[in-house]
Amino acid sequence: MRSETEPSQLLNRREAIRRASAFLGGAAFVGGSGLLAAVERGAASPGTTGAFSAEDIALLDEIAETILPATSTPGAKAAHTGAFMALMVTDCYSPAEQQAFHDGLRQLDEATRKAHGISFIAATPAQRLGVLKGLDQEQKLVMDAREAADRRRKGLAQLPGAPAAAMQADIKEPAHYFRMMKELALLGFFTSEVGCTKALRYVESPGRLDPCLPYVAGDPAWAEHA
């Protein structure tokens, strides 16, 4: 039986994703407007992960945990971010994007084996971080080139430092796989209950508007409200 709190929980997550998407430019997220629909489908049929195996989801959890590790607050694994990522890819991404994402999981593991002789799961936190830093630099070059190519196609002025490779960049290709992984890890964690209440500051029923609250360096940001 559905509990009385489930609709409000769904609304909160939908609204959090809507606001996060609007803040980051909406279409900037791979999957675009399909994110909200996927949250509804995910709530109706929990555990739906499409072509992702349990091992894949465990790997996604470790990737997300490397991006958002536990410190004085819980990390991405505590929010089950791997399952969230799998659901978003399954329900929101195009077939080409899904293929790129699945291929990316293998490429990430191969990069770890090439660098350290072991799988990503078996690697130490420091080894994992080193691999992901390299992939992050790689994806930035790829996505910067695509943005520059898109601006050129639209007749817009290039941004400072636009890569020369932009001339050959194919803007119709799926985003770099690590860009997708990083986006979904951040989105999944910061719209989860753990992310909102442990990493951010959350007040369930905010009172009057006070635009001049004192701020101390290092204070966490406030979570959005539905």
# chains A, B, ... in the order shown; residues from 1 in each chain; ligands from 1
>>> residues_around(residues="Met180 in chain A", least_positions_apart="5", cutoff="12 Å", atoms="only C-alpha atoms", output="number ranges by chain")
A: 28-32, 60, 63-64, 85-86, 88-89, 92-93, 97-102, 104-105, 135-136, 139-140, 143, 174-175, 185-188
>>> closest_residue(among="A:Asp144, A:Arg201, A:Ala149, A:Thr66", to="Lys172 in chain A", atoms="only C-alpha atoms")
A:Ala149
>>> closest_residue(among="A:His80, A:Ser119, A:Trp222, A:Ala51", to="Ala199 in chain A", atoms="only C-alpha atoms")
A:Trp222
>>> atom_distance(atom1="CA of Ala157 in chain A", atom2="CA of Glu173 in chain A")
22.3 Å
